[in-house]
>>> print(open('run_20.cif').read())   # mmCIF, C-alpha atoms and all ligand atoms
data_my_file
loop_
_atom_site.label_atom_id
_atom_site.label_comp_id
_atom_site.auth_asym_id
_atom_site.auth_seq_id
_atom_site.Cartn_x
_atom_site.Cartn_y
_atom_site.Cartn_z
CA MET A 1 -34.57 -21.95 -14.13
CA SER A 2 -31.86 -24.30 -15.23
CA GLY A 3 -28.71 -25.14 -13.39
CA THR A 4 -27.85 -25.40 -9.74
CA PRO A 5 -24.63 -24.85 -7.89
CA GLY A 6 -24.33 -28.64 -8.08
CA GLU A 7 -23.70 -28.39 -11.79
CA HIS A 8 -20.73 -26.19 -11.02
CA ASP A 9 -18.95 -28.65 -8.77
CA ALA A 10 -20.39 -27.21 -5.60
CA PRO A 11 -21.02 -29.88 -3.01
CA ALA A 12 -24.25 -31.82 -2.99
CA ASP A 13 -27.14 -30.19 -1.22
CA PRO A 14 -28.65 -32.78 1.08
CA ALA A 15 -30.99 -30.27 2.67
CA GLY A 16 -32.35 -29.34 -0.75
CA PHE A 17 -33.10 -25.76 0.17
CA ARG A 18 -30.37 -24.00 -1.73
CA PRO A 19 -31.58 -21.61 -4.41
CA ARG A 20 -31.43 -22.83 -8.01
CA ILE A 21 -29.36 -20.45 -10.09
CA PRO A 22 -29.09 -20.24 -13.89
CA ALA A 23 -25.57 -20.81 -15.22
CA ALA A 24 -25.45 -17.38 -16.86
CA GLU A 25 -25.82 -15.80 -13.43
CA TRP A 26 -23.63 -18.31 -11.58
CA ASP A 27 -20.75 -17.71 -13.96
CA ASP A 28 -20.99 -13.90 -13.66
CA TRP A 29 -18.92 -12.47 -10.81
CA ARG A 30 -20.96 -9.26 -10.74
CA TRP A 31 -24.09 -11.32 -10.06
CA HIS A 32 -22.37 -12.87 -7.03
CA MET A 33 -21.28 -9.44 -5.76
CA ARG A 34 -24.86 -8.16 -6.05
CA LYS A 35 -26.33 -11.25 -4.42
CA ARG A 36 -23.98 -11.46 -1.49
CA ILE A 37 -25.43 -12.90 1.69
CA ASN A 38 -25.55 -10.32 4.45
CA THR A 39 -28.78 -10.97 6.35
CA LEU A 40 -30.05 -13.91 8.35
CA GLY A 41 -32.93 -14.25 5.87
CA LYS A 42 -30.55 -14.65 2.93
CA ALA A 43 -28.24 -16.97 4.88
CA ARG A 44 -31.16 -19.28 5.72
CA ARG A 45 -31.51 -20.07 2.02
CA TRP A 46 -28.06 -21.70 2.15
CA ILE A 47 -27.46 -23.06 5.64
CA ARG A 48 -29.33 -24.05 8.77
CA LEU A 49 -28.01 -21.46 11.22
CA THR A 50 -27.37 -22.42 14.82
CA PRO A 51 -28.61 -20.25 17.70
CA ASP A 52 -24.96 -19.28 18.35
CA GLU A 53 -24.48 -18.13 14.77
CA GLU A 54 -27.75 -16.19 14.83
CA LYS A 55 -26.71 -14.53 18.09
CA ALA A 56 -23.27 -13.66 16.69
CA VAL A 57 -24.77 -12.19 13.51
CA ALA A 58 -27.16 -10.08 15.56
CA GLY A 59 -24.46 -9.12 18.08
CA SER A 60 -21.93 -8.05 15.45
CA ALA A 61 -24.45 -5.97 13.49
CA GLY A 62 -23.24 -2.37 13.31
CA LYS A 63 -19.77 -3.51 14.42
CA TYR A 64 -18.44 -6.00 11.83
CA ARG A 65 -19.37 -6.30 8.18
CA TRP A 66 -20.81 -9.59 7.03
CA SER A 67 -20.93 -10.68 3.41
CA ILE A 68 -20.67 -14.04 1.65
CA THR A 69 -20.70 -14.67 -2.09
CA PRO A 70 -23.22 -17.30 -3.19
CA TYR A 71 -20.25 -19.21 -4.66
CA TYR A 72 -18.47 -19.41 -1.29
CA ALA A 73 -21.79 -20.13 0.45
CA SER A 74 -22.24 -23.11 -1.87
CA LEU A 75 -19.10 -24.64 -0.30
CA MET A 76 -20.53 -24.42 3.21
CA ASP A 77 -22.03 -27.50 4.77
CA PRO A 78 -25.68 -26.53 5.33
CA ASP A 79 -25.99 -28.69 8.44
CA ASP A 80 -22.55 -28.68 10.04
CA PRO A 81 -21.64 -25.51 11.95
CA THR A 82 -18.03 -26.77 12.27
CA CYS A 83 -17.64 -26.76 8.47
CA PRO A 84 -14.25 -25.11 7.77
CA VAL A 85 -15.70 -22.85 5.08
CA ARG A 86 -18.60 -21.83 7.26
CA LEU A 87 -16.29 -20.98 10.19
CA GLN A 88 -14.37 -18.57 7.95
CA ALA A 89 -17.48 -16.80 6.71
CA VAL A 90 -20.25 -16.81 9.34
CA PRO A 91 -19.83 -14.65 12.48
CA ALA A 92 -19.17 -16.54 15.72
CA PRO A 93 -19.55 -15.43 19.34
CA GLY A 94 -15.74 -15.43 19.75
CA GLU A 95 -15.47 -12.29 17.61
CA LEU A 96 -17.12 -10.24 20.34
CA THR A 97 -15.07 -11.69 23.21
CA GLU A 98 -12.13 -9.77 24.66
CA PHE A 99 -8.87 -11.75 24.58
CA PRO A 100 -5.67 -10.87 26.51
CA GLY A 101 -3.11 -9.07 24.41
CA SER A 102 -5.29 -8.56 21.37
CA GLU A 103 -4.74 -5.43 19.29
CA VAL A 104 -6.37 -3.99 16.19
CA ASP A 105 -3.02 -3.64 14.38
CA PRO A 106 -0.35 -5.84 16.00
CA VAL A 107 1.78 -5.85 12.83
CA GLY A 108 1.99 -2.06 12.67
CA ASP A 109 0.54 -1.33 9.22
CA MET A 110 -0.60 2.05 10.52
CA TYR A 111 2.78 2.73 12.13
CA TYR A 112 4.70 2.06 8.90
CA ARG A 113 2.26 3.88 6.65
CA LYS A 114 4.02 6.66 4.71
CA THR A 115 1.10 7.92 2.63
CA ASN A 116 -2.62 7.22 2.60
CA ARG A 117 -1.98 3.82 1.05
CA VAL A 118 1.71 2.96 1.11
CA VAL A 119 3.11 0.88 4.01
CA HIS A 120 6.92 0.85 3.88
CA LYS A 121 8.46 -1.60 6.34
CA TYR A 122 11.12 -3.46 4.36
CA PRO A 123 13.98 -1.86 2.44
CA ASP A 124 13.10 -2.87 -1.13
CA ARG A 125 9.35 -3.40 -1.12
CA VAL A 126 6.08 -1.88 0.02
CA ILE A 127 2.48 -2.86 0.31
CA MET A 128 -0.18 -0.59 -1.05
CA LEU A 129 -3.55 -0.82 0.67
CA ILE A 130 -5.84 0.18 -2.17
CA THR A 131 -9.29 -0.67 -0.82
CA GLU A 132 -11.27 -1.80 2.22
CA ALA A 133 -13.62 -3.93 0.13
CA CYS A 134 -13.62 -7.74 -0.10
CA PRO A 135 -16.07 -10.18 -1.68
CA VAL A 136 -16.36 -12.08 1.60
CA TYR A 137 -15.35 -10.60 4.94
CA CYS A 138 -13.27 -13.44 6.34
CA ARG A 139 -13.91 -13.64 10.04
CA HIS A 140 -10.18 -14.20 10.68
CA CYS A 141 -8.88 -11.24 8.64
CA THR A 142 -5.62 -9.83 10.01
CA ARG A 143 -6.78 -6.40 8.88
CA LYS A 144 -10.20 -6.89 10.46
CA PHE A 145 -10.18 -3.30 11.72
CA HIS A 146 -9.55 -2.02 8.18
CA THR A 147 -11.79 -4.38 6.21
CA THR A 148 -14.52 -5.73 8.43
CA ASP A 149 -14.91 -3.25 11.28
CA VAL A 150 -17.65 -0.85 10.20
CA SER A 151 -16.03 2.13 11.90
CA GLY A 152 -12.36 1.26 11.35
CA THR A 153 -10.01 2.17 8.52
CA TYR A 154 -6.28 2.47 7.93
CA PHE A 155 -6.95 5.19 5.36
CA ARG A 156 -6.47 8.72 6.55
CA ASP A 157 -7.98 10.10 3.35
CA ASP A 158 -10.65 9.01 0.96
CA GLU A 159 -10.37 5.35 -0.11
CA GLY A 160 -11.17 5.96 -3.78
CA GLY A 161 -9.52 9.36 -4.19
CA SER A 162 -6.32 10.30 -5.99
CA PHE A 163 -3.32 7.94 -5.94
CA ASP A 164 -0.89 10.73 -6.89
CA GLU A 165 0.68 11.04 -3.43
CA ASP A 166 1.18 7.25 -3.15
CA LEU A 167 2.75 6.91 -6.60
CA ARG A 168 4.97 9.91 -5.98
CA TYR A 169 6.25 8.35 -2.74
CA ILE A 170 7.21 5.18 -4.61
CA ALA A 171 8.82 7.13 -7.44
CA ASP A 172 10.75 9.23 -4.89
CA HIS A 173 12.12 6.05 -3.26
CA PRO A 174 13.90 4.20 -6.07
CA GLU A 175 15.00 1.50 -3.61
CA ILE A 176 11.40 0.20 -3.87
CA ARG A 177 11.54 -2.42 -6.58
CA ASP A 178 8.56 -4.53 -5.51
CA VAL A 179 5.01 -3.26 -4.89
CA LEU A 180 2.35 -5.51 -3.42
CA LEU A 181 -1.22 -4.37 -3.99
CA THR A 182 -3.46 -5.46 -1.17
CA GLY A 183 -6.37 -4.14 0.83
CA GLY A 184 -9.02 -5.39 1.33
CA ASP A 185 -8.99 -7.14 -1.99
CA PRO A 186 -7.53 -5.20 -4.93
CA LEU A 187 -9.60 -7.17 -7.43
CA SER A 188 -12.71 -5.57 -5.91
CA TYR A 189 -11.99 -2.73 -8.35
CA GLN A 190 -13.32 -2.94 -11.89
CA ASP A 191 -10.64 -3.84 -14.46
CA ALA A 192 -10.39 -0.32 -15.89
CA ARG A 193 -9.72 1.33 -12.52
CA LEU A 194 -7.29 -1.41 -11.58
CA GLU A 195 -5.42 -0.88 -14.82
CA GLU A 196 -5.05 2.83 -14.05
CA ILE A 197 -3.41 1.90 -10.75
CA VAL A 198 -1.18 -0.80 -12.22
CA SER A 199 -0.08 1.34 -15.16
CA GLY A 200 0.64 4.19 -12.73
CA LEU A 201 3.08 1.84 -11.01
CA ARG A 202 4.50 0.58 -14.31
CA ALA A 203 5.31 4.14 -15.29
CA ILE A 204 7.81 4.23 -12.40
CA PRO A 205 11.10 2.85 -13.79
CA SER A 206 12.40 1.62 -10.41
CA VAL A 207 9.36 -0.64 -9.87
CA GLU A 208 10.45 -4.05 -11.11
CA ILE A 209 7.71 -6.41 -9.96
CA ILE A 210 4.06 -5.87 -9.14
CA ARG A 211 2.35 -8.30 -6.83
CA ILE A 212 -1.33 -8.69 -6.08
CA GLY A 213 -2.71 -10.24 -2.92
CA SER A 214 -6.22 -11.46 -3.67
CA ARG A 215 -8.58 -13.99 -2.21
CA PHE A 216 -10.92 -13.85 -5.22
CA PRO A 217 -9.62 -17.18 -6.60
CA VAL A 218 -11.01 -18.75 -3.40
CA LEU A 219 -14.04 -16.60 -2.62
CA LEU A 220 -15.30 -15.84 -6.11
CA PRO A 221 -13.12 -17.43 -8.82
CA GLN A 222 -15.45 -16.15 -11.54
CA ARG A 223 -13.78 -12.75 -10.97
CA ILE A 224 -10.61 -14.11 -12.62
CA THR A 225 -11.82 -13.49 -16.16
CA ASP A 226 -9.71 -13.74 -19.30
CA GLY A 227 -10.16 -9.99 -19.63
CA LEU A 228 -8.67 -9.37 -16.19
CA CYS A 229 -5.76 -11.70 -16.89
CA GLU A 230 -5.06 -10.09 -20.26
CA MET A 231 -5.05 -6.67 -18.63
CA LEU A 232 -2.62 -7.77 -15.91
CA ALA A 233 -0.42 -9.52 -18.47
CA ARG A 234 0.03 -6.17 -20.26
CA HIS A 235 1.98 -5.02 -17.20
CA HIS A 236 4.25 -7.98 -16.54
CA PRO A 237 6.04 -9.05 -14.41
CA VAL A 238 2.93 -9.48 -12.25
CA TRP A 239 2.68 -12.10 -9.49
CA LEU A 240 -0.39 -13.08 -7.51
CA ASN A 241 -0.69 -14.59 -4.06
CA THR A 242 -3.98 -15.99 -2.91
CA HIS A 243 -5.27 -17.46 0.33
CA PHE A 244 -6.57 -21.03 0.44
CA ASN A 245 -7.02 -22.32 3.99
CA HIS A 246 -8.69 -25.68 3.50
CA PRO A 247 -8.82 -28.41 0.81
CA LYS A 248 -12.60 -27.89 0.56
CA GLU A 249 -11.87 -24.55 -1.09
CA ILE A 250 -10.10 -26.22 -4.00
CA THR A 251 -12.87 -26.71 -6.54
CA ALA A 252 -13.05 -27.07 -10.31
CA GLU A 253 -13.88 -23.37 -10.46
CA SER A 254 -10.98 -22.21 -8.30
CA ALA A 255 -8.62 -24.50 -10.21
CA ALA A 256 -9.87 -22.99 -13.49
CA ALA A 257 -9.27 -19.47 -12.14
CA VAL A 258 -5.71 -20.42 -11.20
CA ASP A 259 -5.21 -21.97 -14.62
CA ARG A 260 -6.32 -18.75 -16.33
CA LEU A 261 -3.80 -16.75 -14.29
CA LEU A 262 -0.99 -19.21 -15.04
CA ARG A 263 -1.79 -19.29 -18.75
CA HIS A 264 -1.34 -15.52 -18.76
CA GLY A 265 2.08 -15.89 -17.18
CA ILE A 266 1.04 -14.84 -13.68
CA PRO A 267 2.66 -17.13 -11.08
CA VAL A 268 0.24 -18.02 -8.28
CA GLY A 269 1.36 -18.50 -4.69
CA ASN A 270 -0.63 -19.18 -1.56
CA GLN A 271 -0.69 -17.87 1.98
CA THR A 272 -2.52 -19.94 4.57
CA VAL A 273 -3.46 -18.80 8.05
CA LEU A 274 -3.23 -21.42 10.79
CA LEU A 275 -6.75 -21.37 12.24
CA ARG A 276 -8.16 -23.25 15.21
CA GLY A 277 -10.85 -25.69 14.23
CA ILE A 278 -10.30 -25.05 10.50
CA ASN A 279 -6.89 -26.36 9.48
CA ASP A 280 -5.01 -27.02 12.72
CA ASP A 281 -4.15 -30.63 12.03
CA VAL A 282 -1.44 -32.32 10.00
CA THR A 283 -3.75 -34.31 7.74
CA THR A 284 -5.73 -31.27 6.63
CA MET A 285 -2.59 -29.22 6.02
CA ARG A 286 -0.82 -31.98 4.14
CA THR A 287 -3.86 -32.45 1.93
CA LEU A 288 -4.14 -28.70 1.40
CA MET A 289 -0.50 -28.33 0.33
CA THR A 290 -0.53 -31.33 -2.01
CA GLU A 291 -3.85 -30.26 -3.53
CA LEU A 292 -2.41 -26.79 -4.12
CA LEU A 293 0.52 -28.33 -5.97
CA ARG A 294 -1.92 -30.35 -8.04
CA ILE A 295 -3.51 -27.10 -9.28
CA ARG A 296 -0.02 -25.59 -9.68
CA VAL A 297 -0.22 -23.16 -6.78
CA ARG A 298 3.01 -22.76 -4.84
CA PRO A 299 2.62 -22.70 -1.03
CA TYR A 300 4.40 -19.57 0.24
CA TYR A 301 3.59 -18.64 3.84
CA LEU A 302 1.84 -20.36 6.71
CA TYR A 303 0.91 -17.51 9.02
CA HIS A 304 0.58 -18.03 12.70
CA CYS A 305 -2.77 -16.37 13.46
CA ASP A 306 -2.13 -12.90 14.83
CA ASN A 307 -3.77 -11.85 18.09
CA VAL A 308 -6.04 -9.36 16.35
CA THR A 309 -9.12 -7.96 18.05
CA GLY A 310 -12.10 -10.04 16.94
CA VAL A 311 -9.88 -12.81 15.57
CA SER A 312 -8.17 -14.20 18.70
CA HIS A 313 -10.57 -17.14 19.01
CA PHE A 314 -8.95 -18.59 15.87
CA MET A 315 -5.44 -18.59 17.36
CA THR A 316 -3.60 -21.83 18.02
CA SER A 317 -0.46 -22.37 20.06
CA VAL A 318 2.94 -22.07 18.41
CA GLU A 319 3.49 -25.75 19.31
CA LYS A 320 0.57 -26.63 17.07
CA GLY A 321 2.30 -24.82 14.25
CA TRP A 322 5.52 -26.73 14.92
CA GLU A 323 3.61 -30.01 14.85
CA ILE A 324 2.13 -29.11 11.48
CA MET A 325 5.45 -28.04 10.02
CA GLU A 326 6.99 -31.31 11.26
CA GLY A 327 4.19 -33.11 9.46
CA LEU A 328 5.00 -31.34 6.20
CA GLN A 329 8.78 -30.99 6.04
CA GLY A 330 10.30 -34.06 4.40
CA HIS A 331 6.94 -35.79 4.08
CA ILE A 332 6.10 -33.82 0.92
CA THR A 333 8.33 -32.08 -1.57
CA GLY A 334 10.20 -29.03 -0.37
CA PHE A 335 8.30 -26.68 -2.65
CA GLY A 336 5.04 -27.83 -1.08
CA VAL A 337 6.19 -26.67 2.35
CA PRO A 338 5.31 -23.06 3.21
CA GLN A 339 7.39 -20.93 5.54
CA TYR A 340 5.79 -20.76 8.99
CA VAL A 341 5.95 -17.12 10.05
CA LEU A 342 4.72 -14.82 12.75
CA THR A 343 3.94 -11.34 11.45
CA THR A 344 5.11 -8.70 13.91
CA MET A 345 5.97 -5.03 14.24
CA ILE A 346 9.50 -5.97 13.12
CA GLY A 347 8.43 -8.01 10.11
CA LYS A 348 7.56 -11.58 9.23
CA ILE A 349 9.67 -13.86 11.37
CA PRO A 350 10.20 -17.55 10.41
CA ILE A 351 9.30 -19.52 13.55
CA ALA A 352 9.52 -23.16 12.44
CA GLN A 353 11.86 -25.25 14.54
CA PRO A 354 15.30 -25.77 13.00
CA TYR A 355 16.47 -29.18 11.80
CA PHE A 356 19.96 -28.69 13.17
CA THR A 357 21.67 -27.70 16.39
CA PRO A 358 25.30 -26.75 16.95
CA HIS A 359 27.40 -29.74 18.10
CA PRO A 360 31.00 -29.91 19.38
CA ASP A 361 32.02 -31.69 16.16
CA GLY A 362 29.94 -29.64 13.75
CA LEU A 363 26.21 -29.73 13.20
CA LEU A 364 23.73 -32.19 14.64
CA LEU A 365 21.08 -32.83 11.98
CA ARG A 366 17.77 -34.62 12.25
CA ASN A 367 15.38 -35.60 9.49
CA TYR A 368 11.59 -35.80 9.26
CA ARG A 369 11.66 -39.32 10.76
CA GLY A 370 13.66 -38.23 13.79
CA GLN A 371 16.89 -39.89 12.59
CA GLU A 372 20.00 -37.95 13.58
CA MET A 373 23.52 -37.56 12.29
CA VAL A 374 26.42 -35.23 12.86
CA VAL A 375 28.10 -33.55 9.93
CA ASP A 376 31.66 -32.99 10.82
CA ALA A 377 33.01 -29.45 10.76
CA ALA A 378 36.25 -30.83 9.24
CA ALA A 379 34.29 -31.91 6.17
CA TYR A 380 31.74 -29.08 6.13
CA PRO A 381 33.35 -26.03 7.76
CA ILE A 382 30.92 -23.80 9.59
CA THR A 383 33.11 -20.75 9.84
CA GLU A 384 35.03 -19.00 7.08
CA PRO A 385 38.71 -20.02 7.15
CA ASP A 386 41.06 -17.31 8.37
CA THR A 387 42.80 -15.66 5.43
CA PRO A 388 46.40 -14.76 6.03
C1 LIG B 1 4.17 -9.01 4.03
C2 LIG B 1 4.63 -7.67 3.74
C3 LIG B 1 5.41 -7.41 2.61
C4 LIG B 1 5.82 -8.49 1.63
O1 LIG B 1 6.62 -9.42 2.26
P1 LIG B 1 7.28 -10.62 1.46
O2 LIG B 1 7.94 -11.42 2.51
O3 LIG B 1 8.21 -10.03 0.47
O4 LIG B 1 6.17 -11.36 0.76
C5 LIG B 1 5.84 -6.13 2.41
N1 LIG B 1 5.52 -5.14 3.27
C6 LIG B 1 4.77 -5.36 4.37
C7 LIG B 1 4.45 -4.23 5.26
C8 LIG B 1 4.29 -6.64 4.64
O5 LIG B 1 3.54 -6.85 5.70
S1 LIG B 2 -10.24 -11.37 1.50
FE1 LIG B 2 -8.30 -11.05 2.60
S2 LIG B 2 -8.34 -8.86 3.17
FE2 LIG B 2 -10.45 -9.48 2.66
S3 LIG B 2 -11.41 -10.08 4.59
FE3 LIG B 2 -10.57 -11.95 3.64
S4 LIG B 2 -8.53 -12.14 4.55
FE4 LIG B 2 -9.20 -10.02 4.90
#
>>> encode(input="run_20.cif", output="structure tokens", more="lines below")
Ligand SMILES: *Cc1c(COP(=O)(O)O)cnc(C)c1O
Ligand code: SF4
Amino acid sequence: MSGTPGEHDAPADPAGFRPRIPAAEWDDWRWHMRKRINTLGKARRWIRLTPDEEKAVAGSAGKYRWSITPYYASLMDPDDPTCPVRLQAVPAPGELTEFPGSEVDPVGDMYYRKTNRVVHKYPDRVIMLITEACPVYCRHCTRKFHTTDVSGTYFRDDEGGSFDEDLRYIADHPEIRDVLLTGGDPLSYQDARLEEIVSGLRAIPSVEIIRIGSRFPVLLPQRITDGLCEMLARHHPVWLNTHFNHPKEITAESAAAVDRLLRHGIPVGNQTVLLRGINDDVTTMRTLMTELLRIRVRPYYLYHCDNVTGVSHFMTSVEKGWEIMEGLQGHITGFGVPQYVLTTMIGKIPIAQPYFTPHPDGLLLRNYRGQEMVVDAAAYPITEPDTP
């Protein structure tokens, strides 16, 4: 065997017990999908599991799916159970603990679902849940019930069956100009099947933009092949949002995947979830956002972690989110600052603290350093002048 993950910019392997993998296999996303880690025996080839992790894996068996691509496993610290990659991928006891107020679907995807796959909540855009499958089952998934829970699904019909009803709904609602494919992870489909879905949407004249939400650039960047990008580029305008949560996830391979997307004209944005113990500090978030800009990924949303059953142990306070936003706004360029939102039944609500308050003379402004000034309403009117 030649080649090790180390040759592919994976971190060093101090424990020396990681499997050696030939480059031809390492570079092939199908190999990673086949070799996903889903048993304690397989996991022990990559990390030294703690008793808590072993207990959580055993306890969640039959309840939550567990699956880690060798690529993502190569980013885990083999000896540190608090490794931010490991916390996202290896079950923890918190998943099985009841938490006050937790729900399987607090954002109401099932409530707003109009067909088997189409969720229509906003006037001009829909999401289309096209699969339950993901390369890694992130422990913090907002759709944990749909993706990770063995018995749960948002589908009322067959996952892989006909899309006719879904496409007809979109065609019958010409106000829908923006369709976001999500899941699960839409790129779990083979290119040919994905192209059938995308061209089905493209055949609807009122659909202007197609968006894809995919974590493959983070979990298995090898999936972002030139072939996939060429296929997507045949159906432009196509946008892609991915989901980096920690600077450790930005590797040469993920940067190359992003570069392939960009070179095919597919803008890449990022959605981060604020997660306790993973990225809930200013330094980590500032590094994450600036590193994303360095690989030309535009930060889009910072999600407050929803109180989802099996995910609640990752929640932080809203104050923590404010502290992080304060540490970003003004300290780095405006287009490196995501919008901090809480996803609710009534939509995504921006919840960052404002930088202004009403003042008798106009607006009281403060900047990132805490300096304040009043802009006078005589110079910058707040209300529209009365027209005679
Ligand atoms: C997030 C979401 C969208 C897309 O929202 P944007 O703010 O446009 O990115 C659309 N529909 C639903 C149901 C969503 O949850
Ligand atoms: S890839 Fe996305 S949809 Fe899939 S488990 Fe992770 S967060 Fe959930």
>>> axis_aligned_box(input="run_20.cif", around="ligand LIG 1 (chain B)", padding_each_side="8 Å", output="JSON")
{"center_x": 5.9, "center_y": -7.8, "center_z": 3.1, "size_x": 20.7, "size_y": 23.2, "size_z": 21.2}
>>> closest_residue(input="run_20.cif", among="A:Pro100, A:Pro338, A:Pro51, A:Gly160", to="ligand LIG 1 (chain B)", atoms="only C-alpha atoms and all ligand atoms")
A:Pro338
>>> residues_near_ligand(input="run_20.cif", ligand="ligand LIG 2 (chain B)", cutoff="12 Å", atoms="only C-alpha atoms and all ligand atoms", output="ChimeraX atom specification")
/A:64-69,72,88-89,129-149,181-188,212-220,241-245,270-273,303,305,308,311
>>> residues_around(input="run_20.cif", residues="Ser317 in chain A", least_positions_apart="3", cutoff="12 Å", atoms="all atoms listed in the file", output="ChimeraX atom specification")
/A:274-276,280,304-307,312-314,320-324,342
>>> write_last_selection(input="run_20.cif", atoms="C-alpha atoms", output="short mmCIF file (atom, residue, chain, number, x, y, z; two decimals), keeping the file's coordinate frame")
data_model
loop_
_atom_site.label_atom_id
_atom_site.label_comp_id
_atom_site.auth_asym_id
_atom_site.auth_seq_id
_atom_site.Cartn_x
_atom_site.Cartn_y
_atom_site.Cartn_z
CA LEU A 274 -3.23 -21.42 10.79
CA LEU A 275 -6.75 -21.37 12.24
CA ARG A 276 -8.16 -23.25 15.21
CA ASP A 280 -5.01 -27.02 12.72
CA HIS A 304 0.58 -18.03 12.70
CA CYS A 305 -2.77 -16.37 13.46
CA ASP A 306 -2.13 -12.90 14.83
CA ASN A 307 -3.77 -11.85 18.09
CA SER A 312 -8.17 -14.20 18.70
CA HIS A 313 -10.57 -17.14 19.01
CA PHE A 314 -8.95 -18.59 15.87
CA LYS A 320 0.57 -26.63 17.07
CA GLY A 321 2.30 -24.82 14.25
CA TRP A 322 5.52 -26.73 14.92
CA GLU A 323 3.61 -30.01 14.85
CA ILE A 324 2.13 -29.11 11.48
CA LEU A 342 4.72 -14.82 12.75
#
>>> residues_near_ligand(input="run_20.cif", ligand="ligand LIG 1 (chain B)", cutoff="8 Å", atoms="all atoms listed in the file", output="ChimeraX atom specification")
/A:107,109,112,119-122,125-127,179-180,343,347-348
>>> atom_distance(input="run_20.cif", atom1="CA of His359 in chain A", atom2="CA of Val374 in chain A")
7.7 Å
>>> atom_distance(input="run_20.cif", atom1="CA of Arg20 in chain A", atom2="CA of Lys35 in chain A")
13.2 Å
>>> closest_residue(input="run_20.cif", among="A:Arg260, A:Arg298, A:His246, A:Arg117", to="Cys229 in chain A", atoms="all atoms listed in the file")
A:Arg260
